[in-house]
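target12.cif follows (mmCIF, C-alpha atoms):
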data_structure
#
loop_
_atom_site.group_PDB
_atom_site.id
_atom_site.type_symbol
_atom_site.label_atom_id
_atom_site.label_comp_id
_atom_site.auth_asym_id
_atom_site.auth_seq_id
_atom_site.Cartn_x
_atom_site.Cartn_y
_atom_site.Cartn_z
ATOM 1 C CA MET A 1 -28.253 -16.721 1.817
ATOM 2 C CA ALA A 2 -29.215 -18.476 -1.384
ATOM 3 C CA THR A 3 -25.684 -17.946 -2.692
ATOM 4 C CA TYR A 4 -24.018 -19.823 0.218
ATOM 5 C CA GLY A 5 -20.935 -21.643 -1.043
ATOM 6 C CA ALA A 6 -20.760 -19.750 -4.312
ATOM 7 C CA TRP A 7 -20.533 -16.499 -2.336
ATOM 8 C CA GLU A 8 -17.582 -17.633 -0.193
ATOM 9 C CA ASP A 9 -15.809 -19.028 -3.255
ATOM 10 C CA THR A 10 -16.241 -15.919 -5.404
ATOM 11 C CA VAL A 11 -15.543 -13.373 -2.680
ATOM 12 C CA LEU A 12 -12.364 -15.201 -1.613
ATOM 13 C CA GLU A 13 -11.318 -15.500 -5.268
ATOM 14 C CA HIS A 14 -11.249 -11.686 -5.353
ATOM 15 C CA THR A 15 -9.993 -10.985 -1.824
ATOM 16 C CA PHE A 16 -7.692 -13.970 -1.125
ATOM 17 C CA ASP A 17 -4.448 -11.974 -1.114
ATOM 18 C CA HIS A 18 -5.852 -9.186 1.067
ATOM 19 C CA VAL A 19 -7.752 -10.887 3.899
ATOM 20 C CA GLU A 20 -6.822 -13.204 6.747
ATOM 21 C CA TYR A 21 -10.321 -14.392 7.633
ATOM 22 C CA ILE A 22 -13.693 -15.264 6.171
ATOM 23 C CA SER A 23 -16.643 -14.567 8.450
ATOM 24 C CA LEU A 24 -19.309 -17.053 9.505
ATOM 25 C CA HIS A 25 -22.603 -16.255 11.224
ATOM 26 C CA THR A 26 -25.228 -18.549 12.717
ATOM 27 C CA TYR A 27 -28.475 -17.560 14.382
ATOM 28 C CA ILE A 28 -30.707 -20.342 15.649
ATOM 29 C CA ASN A 29 -34.364 -20.188 16.670
ATOM 30 C CA ASN A 30 -37.153 -22.562 17.547
ATOM 31 C CA TYR A 31 -40.019 -21.088 15.594
ATOM 32 C CA GLU A 32 -41.009 -24.640 14.634
ATOM 33 C CA ARG A 33 -41.386 -25.576 18.308
ATOM 34 C CA ASN A 34 -39.462 -28.802 17.716
ATOM 35 C CA THR A 35 -37.422 -29.345 20.860
ATOM 36 C CA LYS A 36 -35.372 -32.292 19.555
ATOM 37 C CA ALA A 37 -34.367 -30.524 16.363
ATOM 38 C CA PHE A 38 -33.709 -27.294 18.238
ATOM 39 C CA LEU A 39 -31.414 -28.918 20.809
ATOM 40 C CA ALA A 40 -29.515 -30.700 18.011
ATOM 41 C CA SER A 41 -29.204 -27.628 15.821
ATOM 42 C CA PRO A 42 -25.746 -26.550 17.111
ATOM 43 C CA ASP A 43 -24.457 -29.616 15.227
ATOM 44 C CA LEU A 44 -25.121 -27.663 12.035
ATOM 45 C CA MET A 45 -22.206 -25.435 12.975
ATOM 46 C CA ASP A 46 -19.715 -28.317 12.575
ATOM 47 C CA ARG A 47 -20.760 -28.847 8.989
ATOM 48 C CA PHE A 48 -20.820 -25.102 8.322
ATOM 49 C CA ILE A 49 -17.255 -24.712 9.645
ATOM 50 C CA GLU A 50 -15.962 -27.686 7.674
ATOM 51 C CA GLU A 51 -17.621 -26.564 4.455
ATOM 52 C CA VAL A 52 -16.223 -23.033 4.640
ATOM 53 C CA VAL A 53 -12.735 -24.421 5.395
ATOM 54 C CA ALA A 54 -13.053 -26.667 2.322
ATOM 55 C CA ILE A 55 -14.131 -23.754 0.116
ATOM 56 C CA ALA A 56 -11.304 -21.504 1.374
ATOM 57 C CA ASP A 57 -8.765 -24.268 0.755
ATOM 58 C CA ALA A 58 -10.192 -24.873 -2.727
ATOM 59 C CA VAL A 59 -9.583 -21.207 -3.562
ATOM 60 C CA ALA A 60 -6.023 -21.550 -2.200
ATOM 61 C CA ALA A 61 -5.495 -24.622 -4.394
ATOM 62 C CA ARG A 62 -6.622 -22.782 -7.532
ATOM 63 C CA LYS A 63 -4.153 -20.028 -6.704
ATOM 64 C CA ARG A 64 -1.368 -22.539 -5.947
ATOM 65 C CA SER A 65 -1.095 -20.872 -2.544
ATOM 66 C CA SER A 66 -0.058 -22.339 0.799
ATOM 67 C CA LYS A 67 -1.909 -19.520 2.578
ATOM 68 C CA ARG A 68 -4.739 -20.706 4.809
ATOM 69 C CA VAL A 69 -7.646 -18.322 5.325
ATOM 70 C CA MET A 70 -8.822 -18.522 8.929
ATOM 71 C CA LEU A 71 -12.378 -18.418 10.238
ATOM 72 C CA SER A 72 -13.954 -15.443 11.975
ATOM 73 C CA PHE A 73 -17.114 -16.814 13.590
ATOM 74 C CA ASP A 74 -18.092 -13.342 14.690
ATOM 75 C CA GLU A 75 -21.871 -13.538 14.978
ATOM 76 C CA TRP A 76 -23.833 -16.309 16.621
ATOM 77 C CA ASN A 77 -26.667 -16.648 19.064
ATOM 78 C CA VAL A 78 -30.115 -17.932 19.737
ATOM 79 C CA TRP A 79 -32.060 -15.004 18.395
ATOM 80 C CA TYR A 80 -35.708 -14.362 17.701
ATOM 81 C CA ARG A 81 -36.068 -10.600 17.411
ATOM 82 C CA THR A 82 -39.798 -10.988 16.928
ATOM 83 C CA ARG A 83 -40.943 -12.061 20.372
ATOM 84 C CA ARG A 84 -41.648 -8.432 20.986
ATOM 85 C CA THR A 85 -43.358 -6.262 18.413
ATOM 86 C CA PRO A 86 -41.612 -3.241 16.904
ATOM 87 C CA ALA A 87 -44.050 -1.103 18.890
ATOM 88 C CA ASP A 88 -42.650 -2.630 22.082
ATOM 89 C CA ARG A 89 -39.097 -1.979 21.001
ATOM 90 C CA VAL A 90 -39.354 1.494 19.484
ATOM 91 C CA LYS A 91 -40.730 4.275 21.607
ATOM 92 C CA PRO A 92 -41.535 7.776 20.444
ATOM 93 C CA GLY A 93 -38.977 10.525 20.952
ATOM 94 C CA TRP A 94 -35.330 9.716 21.695
ATOM 95 C CA PRO A 95 -35.419 7.173 24.521
ATOM 96 C CA ILE A 96 -32.108 6.478 26.268
ATOM 97 C CA ALA A 97 -30.733 2.974 25.575
ATOM 98 C CA PRO A 98 -34.013 1.459 24.335
ATOM 99 C CA PRO A 99 -34.021 -2.370 24.617
ATOM 100 C CA ILE A 100 -34.259 -2.881 20.857
ATOM 101 C CA LEU A 101 -32.285 -6.147 20.741
ATOM 102 C CA GLU A 102 -33.005 -7.672 24.117
ATOM 103 C CA GLU A 103 -34.644 -11.068 24.121
ATOM 104 C CA ILE A 104 -36.915 -13.010 26.417
ATOM 105 C CA TYR A 105 -35.156 -16.384 26.687
ATOM 106 C CA SER A 106 -36.197 -19.804 27.931
ATOM 107 C CA VAL A 107 -34.039 -22.487 29.586
ATOM 108 C CA GLN A 108 -34.234 -24.400 26.302
ATOM 109 C CA ASP A 109 -32.715 -21.397 24.512
ATOM 110 C CA ALA A 110 -29.921 -21.362 27.080
ATOM 111 C CA LEU A 111 -29.123 -25.037 26.432
ATOM 112 C CA VAL A 112 -28.825 -24.389 22.696
ATOM 113 C CA PHE A 113 -26.656 -21.333 23.341
ATOM 114 C CA GLY A 114 -24.354 -23.536 25.416
ATOM 115 C CA GLY A 115 -24.285 -26.108 22.635
ATOM 116 C CA MET A 116 -23.258 -23.451 20.130
ATOM 117 C CA TYR A 117 -20.466 -22.303 22.426
ATOM 118 C CA LEU A 118 -19.141 -25.850 22.722
ATOM 119 C CA LYS A 119 -19.107 -26.153 18.925
ATOM 120 C CA LEU A 120 -16.969 -23.024 18.697
ATOM 121 C CA ALA A 121 -14.624 -24.327 21.392
ATOM 122 C CA ALA A 122 -14.161 -27.633 19.555
ATOM 123 C CA VAL A 123 -11.047 -28.067 17.461
ATOM 124 C CA HIS A 124 -11.547 -28.200 13.724
ATOM 125 C CA ASP A 125 -8.255 -29.366 12.285
ATOM 126 C CA ASP A 126 -5.832 -26.476 12.474
ATOM 127 C CA ARG A 127 -8.486 -23.807 12.229
ATOM 128 C CA PRO A 128 -10.249 -23.080 15.477
ATOM 129 C CA PRO A 129 -12.835 -20.412 14.702
ATOM 130 C CA ARG A 130 -12.162 -17.154 16.494
ATOM 131 C CA MET B 1 -7.134 -5.519 15.275
ATOM 132 C CA THR B 2 -4.553 -3.459 17.104
ATOM 133 C CA LEU B 3 -3.995 0.126 16.065
ATOM 134 C CA ARG B 4 -0.325 1.004 15.827
ATOM 135 C CA ASN B 5 1.079 4.322 17.022
ATOM 136 C CA SER B 6 1.448 5.689 13.496
ATOM 137 C CA THR B 7 -2.179 4.963 12.778
ATOM 138 C CA ARG B 8 -3.275 6.443 16.049
ATOM 139 C CA ARG B 9 -1.367 9.621 15.298
ATOM 140 C CA ARG B 10 -3.008 9.805 11.893
ATOM 141 C CA LEU B 11 -6.375 9.150 13.446
ATOM 142 C CA LEU B 12 -5.838 11.789 16.089
ATOM 143 C CA ARG B 13 -4.623 14.369 13.587
ATOM 144 C CA GLY B 14 -8.178 14.320 12.411
ATOM 145 C CA SER B 15 -7.665 13.007 8.896
ATOM 146 C CA LEU B 16 -9.647 9.893 9.607
ATOM 147 C CA TYR B 17 -11.258 10.476 12.937
ATOM 148 C CA PRO B 18 -12.245 13.621 14.821
ATOM 149 C CA SER B 19 -10.126 14.511 17.834
ATOM 150 C CA THR B 20 -11.874 13.665 21.064
ATOM 151 C CA GLY B 21 -9.171 14.780 23.484
ATOM 152 C CA VAL B 22 -9.146 11.230 24.817
ATOM 153 C CA THR B 23 -5.801 9.482 25.224
ATOM 154 C CA VAL B 24 -5.849 6.369 23.071
ATOM 155 C CA ALA B 25 -4.259 3.188 24.365
ATOM 156 C CA ASP B 26 -3.675 -0.041 22.459
ATOM 157 C CA VAL B 27 -7.007 -1.711 21.967
ATOM 158 C CA VAL B 28 -7.947 -4.901 20.198
ATOM 159 C CA LEU B 29 -11.154 -4.325 18.345
ATOM 160 C CA LEU B 30 -13.376 -5.815 15.714
ATOM 161 C CA VAL B 31 -14.784 -3.397 13.192
ATOM 162 C CA ASP B 32 -17.862 -4.969 11.620
ATOM 163 C CA SER B 33 -18.625 -3.373 8.286
ATOM 164 C CA GLY B 34 -21.099 -6.028 7.277
ATOM 165 C CA ALA B 35 -24.855 -5.912 7.558
ATOM 166 C CA ASP B 36 -27.954 -7.277 5.851
ATOM 167 C CA VAL B 37 -28.416 -3.810 4.395
ATOM 168 C CA THR B 38 -25.747 -1.120 4.092
ATOM 169 C CA LEU B 39 -26.628 2.529 3.636
ATOM 170 C CA LEU B 40 -24.531 4.319 1.039
ATOM 171 C CA PRO B 41 -24.629 8.032 0.237
ATOM 172 C CA ARG B 42 -26.188 8.560 -3.174
ATOM 173 C CA GLN B 43 -23.052 10.466 -4.208
ATOM 174 C CA ALA B 44 -20.893 7.408 -3.460
ATOM 175 C CA VAL B 45 -23.207 5.152 -5.462
ATOM 176 C CA GLU B 46 -22.915 7.470 -8.435
ATOM 177 C CA ARG B 47 -19.120 7.558 -8.161
ATOM 178 C CA LEU B 48 -18.975 3.772 -8.059
ATOM 179 C CA GLY B 49 -21.138 3.580 -11.178
ATOM 180 C CA ILE B 50 -23.621 1.200 -9.576
ATOM 181 C CA GLY B 51 -27.079 1.277 -11.140
ATOM 182 C CA LEU B 52 -30.140 1.661 -8.942
ATOM 183 C CA ALA B 53 -32.361 -1.417 -8.843
ATOM 184 C CA THR B 54 -35.945 -0.738 -9.823
ATOM 185 C CA GLY B 55 -39.261 -1.798 -8.401
ATOM 186 C CA ARG B 56 -38.302 -2.065 -4.745
ATOM 187 C CA GLY B 57 -37.326 0.199 -1.922
ATOM 188 C CA TYR B 58 -36.483 0.078 1.745
ATOM 189 C CA GLU B 59 -38.326 1.825 4.502
ATOM 190 C CA ILE B 60 -35.837 3.124 7.047
ATOM 191 C CA SER B 61 -37.210 3.471 10.547
ATOM 192 C CA GLY B 62 -35.274 5.667 12.954
ATOM 193 C CA PHE B 63 -34.994 5.160 16.709
ATOM 194 C CA ASP B 64 -37.385 8.069 17.091
ATOM 195 C CA GLY B 65 -39.950 6.407 14.835
ATOM 196 C CA THR B 66 -39.385 8.656 11.818
ATOM 197 C CA LYS B 67 -39.561 6.847 8.497
ATOM 198 C CA SER B 68 -37.895 7.493 5.167
ATOM 199 C CA PHE B 69 -37.678 5.554 1.915
ATOM 200 C CA VAL B 70 -34.490 4.753 0.026
ATOM 201 C CA PRO B 71 -33.933 3.024 -3.329
ATOM 202 C CA PRO B 72 -31.862 -0.187 -3.344
ATOM 203 C CA VAL B 73 -28.772 -1.122 -5.323
ATOM 204 C CA ASN B 74 -27.690 -4.692 -5.790
ATOM 205 C CA LEU B 75 -24.079 -5.842 -5.714
ATOM 206 C CA ASP B 76 -23.564 -9.343 -7.039
ATOM 207 C CA MET B 77 -20.856 -11.479 -5.446
ATOM 208 C CA HIS B 78 -18.280 -10.509 -8.077
ATOM 209 C CA GLU B 79 -18.914 -6.794 -7.577
ATOM 210 C CA TYR B 80 -18.837 -7.259 -3.813
ATOM 211 C CA GLY B 81 -15.592 -9.235 -4.014
ATOM 212 C CA ARG B 82 -13.895 -6.572 -6.117
ATOM 213 C CA ALA B 83 -15.118 -3.772 -3.849
ATOM 214 C CA ALA B 84 -13.994 -5.698 -0.747
ATOM 215 C CA ALA B 85 -10.532 -6.322 -2.225
ATOM 216 C CA GLU B 86 -10.083 -2.621 -3.010
ATOM 217 C CA ALA B 87 -11.323 -1.620 0.441
ATOM 218 C CA ALA B 88 -8.921 -4.126 2.023
ATOM 219 C CA LYS B 89 -5.980 -2.682 0.091
ATOM 220 C CA MET B 90 -6.828 0.846 1.211
ATOM 221 C CA MET B 91 -7.242 -0.216 4.850
ATOM 222 C CA LYS B 92 -3.834 -1.921 4.825
ATOM 223 C CA TRP B 93 -2.215 1.144 3.265
ATOM 224 C CA VAL B 94 -3.345 3.009 6.384
ATOM 225 C CA ASP B 95 -2.100 0.269 8.696
ATOM 226 C CA PRO B 96 -0.400 -2.870 7.322
ATOM 227 C CA SER B 97 -0.670 -4.556 10.725
ATOM 228 C CA ILE B 98 -4.450 -4.955 10.667
ATOM 229 C CA GLU B 99 -6.109 -8.268 9.957
ATOM 230 C CA LEU B 100 -9.198 -8.350 7.786
ATOM 231 C CA ALA B 101 -12.136 -10.704 7.370
ATOM 232 C CA ALA B 102 -14.118 -10.963 4.161
ATOM 233 C CA CYS B 103 -17.857 -11.200 4.746
ATOM 234 C CA GLY B 104 -19.248 -14.665 4.190
ATOM 235 C CA SER B 105 -22.835 -15.408 3.263
ATOM 236 C CA SER B 106 -23.859 -16.511 6.775
ATOM 237 C CA GLY B 107 -24.638 -20.022 5.554
#

Do you think you could lay out the structure here as structure tokens?
Amino acid sequence: MATYGAWEDTVLEHTFDHVEYISLHTYINNYERNTKAFLASPDLMDRFIEEVVAIADAVAARKRSSKRVMLSFDEWNVWYRTRRTPADRVKPGWPIAPPILEEIYSVQDALVFGGMYLKLAAVHDDRPPR
Amino acid sequence: MTLRNSTRRRLLRGSLYPSTGVTVADVVLLVDSGADVTLLPRQAVERLGIGLATGRGYEISGFDGTKSFVPPVNLDMHEYGRAAAEAAKMMKWVDPSIELAACGSSG
């Protein structure tokens, strides 16, 4: 979102005493058909994690608090959503378990998914994202 | 989060959750209240004193293909933060053992 950074800071300013986590989401795609950039894109998650930790700790500093807000990396994937048209996804009537969110993936997508997983498994100081 | 017995009893009494006749065991679960767009009953919007934004609307498409139009409201980050803090307090009154995550901006 355009308010990234300011959003985390302001929302934690209000909620700091009442929450244990701040959530992070990352969805990656290759609409630009740039294989090198796509395969390297999980690296963006390192910076994202470190920036949100820094913002959360800055809020703690302003409040003179030793509390450390943890990270809830609760949404991430390689996700396109548009490889099938809405007409393909939504059928008339009340279909049982329609495949509205299923994707058609390539091996390249799978490599990036694996890269994202490794970024989440990596240790970031004392705050491994959950 | 893990629901404690007291919460489960309250849930099963029907004050927060309809009785299903299913025996509830300890479960760890993540309740995700965040979304790009959240639907609020008009009555709730009026009670919160949030003004409707003008000039735009959302088309809601159901699984069965039916469409409806709803007006948007905008919460800035301060309003969201205050609402989230109040919601967090209420949720912990129900069960102090739960852990809560504030919604980030998704980068």

Once the PyMOL selection byres ((chain B) within 8 of (chain A)) is applied to the coordinates I shared, what remains selected? I want it as an MDAnalysis selection string. chainID B and resid 63:65 77:78 80:82 84:85 88:89 99:107

Between atom CA of Thr38 of chain B and atom CA of Arg47 of chain A lies a distance of 28.6 Å

- request: Quick one: apply the PyMOL selection byres ((chain A and resi 31) around 12) to the file and drop the selected residues here as an MDAnalysis selection string.
  value: chainID A and resid 28:30 32:35 37:38 78:83 109

Atom CA of Ser106 of chain A sits from atom CA of Asn77 of chain A at a separation of 13.4 Å

Here atom CA of Asp46 of chain A and atom CA of Ala122 of chain A stand apart by 8.9 Å

- Message: Once the PyMOL selection byres ((chain B and resi 71) around 6) has been evaluated on this model, what residues remain selected, and can you format them as a list in words?
- Response: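 The output of the PyMOL selection byres ((chain B and resi 71) around 6) on this file is Gly57, Val70 and Pro72 of chain B.
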
Can I get the selected residues back with C-alpha atoms, as an mmCIF file, keeping the file's coordinate frame?
data_model
loop_
_atom_site.group_PDB
_atom_site.id
_atom_site.type_symbol
_atom_site.label_atom_id
_atom_site.label_comp_id
_atom_site.auth_asym_id
_atom_site.auth_seq_id
_atom_site.Cartn_x
_atom_site.Cartn_y
_atom_site.Cartn_z
ATOM 1 C CA GLY B 57 -37.326 0.199 -1.922
ATOM 2 C CA VAL B 70 -34.490 4.753 0.026
ATOM 3 C CA PRO B 72 -31.862 -0.187 -3.344
#

Shortest contact to Gly51 of chain B, candidates B:Glu86, B:Val73, B:Glu79, B:Ile98, atoms counted only C-alpha atoms, goes to B:Val73

Tell me which protein, DNA and RNA residues are within 9 Å of segment 39-42 of chain A, counting only C-alpha atoms, leaving out same-chain ones fewer than 6 positions away, and put them as a PyMOL selection string. chain A and resi 28+108-109+111-119

Save the residues we just selected, C-alpha atoms, as a short mmCIF file (atom, residue, chain, number, x, y, z; two decimals), keeping the file's coordinate frame?
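Generated file (again_18.cif):
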data_model
loop_
_atom_site.label_atom_id
_atom_site.label_comp_id
_atom_site.auth_asym_id
_atom_site.auth_seq_id
_atom_site.Cartn_x
_atom_site.Cartn_y
_atom_site.Cartn_z
CA ILE A 28 -30.71 -20.34 15.65
CA GLN A 108 -34.23 -24.40 26.30
CA ASP A 109 -32.72 -21.40 24.51
CA LEU A 111 -29.12 -25.04 26.43
CA VAL A 112 -28.82 -24.39 22.70
CA PHE A 113 -26.66 -21.33 23.34
CA GLY A 114 -24.35 -23.54 25.42
CA GLY A 115 -24.28 -26.11 22.64
CA MET A 116 -23.26 -23.45 20.13
CA TYR A 117 -20.47 -22.30 22.43
CA LEU A 118 -19.14 -25.85 22.72
CA LYS A 119 -19.11 -26.15 18.92
#

Atoms are missing here; could segment 62-77 of chain A be completed with N, CA and C atoms and written as a PDB file, in the frame of the given file?
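So part.pdb came out as:
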ATOM      1  N   ARG A  62      -6.575 -23.373  -6.189  1.00  0.00           N
ATOM      2  CA  ARG A  62      -6.622 -22.782  -7.532  1.00  0.00           C
ATOM      3  C   ARG A  62      -5.527 -21.747  -7.721  1.00  0.00           C
ATOM      4  N   LYS A  63      -5.179 -21.071  -6.617  1.00  0.00           N
ATOM      5  CA  LYS A  63      -4.153 -20.028  -6.704  1.00  0.00           C
ATOM      6  C   LYS A  63      -2.760 -20.587  -6.426  1.00  0.00           C
ATOM      7  N   ARG A  64      -2.656 -21.895  -6.281  1.00  0.00           N
ATOM      8  CA  ARG A  64      -1.368 -22.539  -5.947  1.00  0.00           C
ATOM      9  C   ARG A  64      -0.738 -21.883  -4.725  1.00  0.00           C
ATOM     10  N   SER A  65      -1.566 -21.596  -3.725  1.00  0.00           N
ATOM     11  CA  SER A  65      -1.095 -20.872  -2.544  1.00  0.00           C
ATOM     12  C   SER A  65      -1.099 -21.780  -1.317  1.00  0.00           C
ATOM     13  N   SER A  66      -0.082 -21.599  -0.469  1.00  0.00           N
ATOM     14  CA  SER A  66      -0.058 -22.339   0.799  1.00  0.00           C
ATOM     15  C   SER A  66      -0.754 -21.551   1.903  1.00  0.00           C
ATOM     16  N   LYS A  67      -1.216 -20.338   1.582  1.00  0.00           N
ATOM     17  CA  LYS A  67      -1.909 -19.520   2.578  1.00  0.00           C
ATOM     18  C   LYS A  67      -3.199 -20.216   3.015  1.00  0.00           C
ATOM     19  N   ARG A  68      -3.497 -20.131   4.298  1.00  0.00           N
ATOM     20  CA  ARG A  68      -4.739 -20.706   4.809  1.00  0.00           C
ATOM     21  C   ARG A  68      -5.589 -19.594   5.411  1.00  0.00           C
ATOM     22  N   VAL A  69      -6.720 -19.333   4.805  1.00  0.00           N
ATOM     23  CA  VAL A  69      -7.646 -18.322   5.325  1.00  0.00           C
ATOM     24  C   VAL A  69      -8.286 -18.880   6.589  1.00  0.00           C
ATOM     25  N   MET A  70      -8.276 -18.070   7.650  1.00  0.00           N
ATOM     26  CA  MET A  70      -8.822 -18.522   8.929  1.00  0.00           C
ATOM     27  C   MET A  70     -10.292 -18.124   9.047  1.00  0.00           C
ATOM     28  N   LEU A  71     -10.939 -18.650  10.079  1.00  0.00           N
ATOM     29  CA  LEU A  71     -12.378 -18.418  10.238  1.00  0.00           C
ATOM     30  C   LEU A  71     -12.635 -17.362  11.307  1.00  0.00           C
ATOM     31  N   SER A  72     -13.520 -16.437  11.005  1.00  0.00           N
ATOM     32  CA  SER A  72     -13.954 -15.443  11.975  1.00  0.00           C
ATOM     33  C   SER A  72     -15.437 -15.678  12.243  1.00  0.00           C
ATOM     34  N   PHE A  73     -15.706 -16.513  13.259  1.00  0.00           N
ATOM     35  CA  PHE A  73     -17.114 -16.814  13.590  1.00  0.00           C
ATOM     36  C   PHE A  73     -17.573 -15.693  14.506  1.00  0.00           C
ATOM     37  N   ASP A  74     -17.934 -14.549  13.894  1.00  0.00           N
ATOM     38  CA  ASP A  74     -18.092 -13.342  14.690  1.00  0.00           C
ATOM     39  C   ASP A  74     -19.543 -12.958  14.971  1.00  0.00           C
ATOM     40  N   GLU A  75     -20.484 -13.765  14.556  1.00  0.00           N
ATOM     41  CA  GLU A  75     -21.871 -13.538  14.978  1.00  0.00           C
ATOM     42  C   GLU A  75     -22.534 -14.880  15.177  1.00  0.00           C
ATOM     43  N   TRP A  76     -23.073 -15.090  16.374  1.00  0.00           N
ATOM     44  CA  TRP A  76     -23.833 -16.309  16.621  1.00  0.00           C
ATOM     45  C   TRP A  76     -24.676 -16.111  17.871  1.00  0.00           C
ATOM     46  N   ASN A  77     -25.804 -16.750  17.888  1.00  0.00           N
ATOM     47  CA  ASN A  77     -26.667 -16.648  19.064  1.00  0.00           C
ATOM     48  C   ASN A  77     -27.951 -17.433  18.813  1.00  0.00           C
TER      49      ASN A  77
END
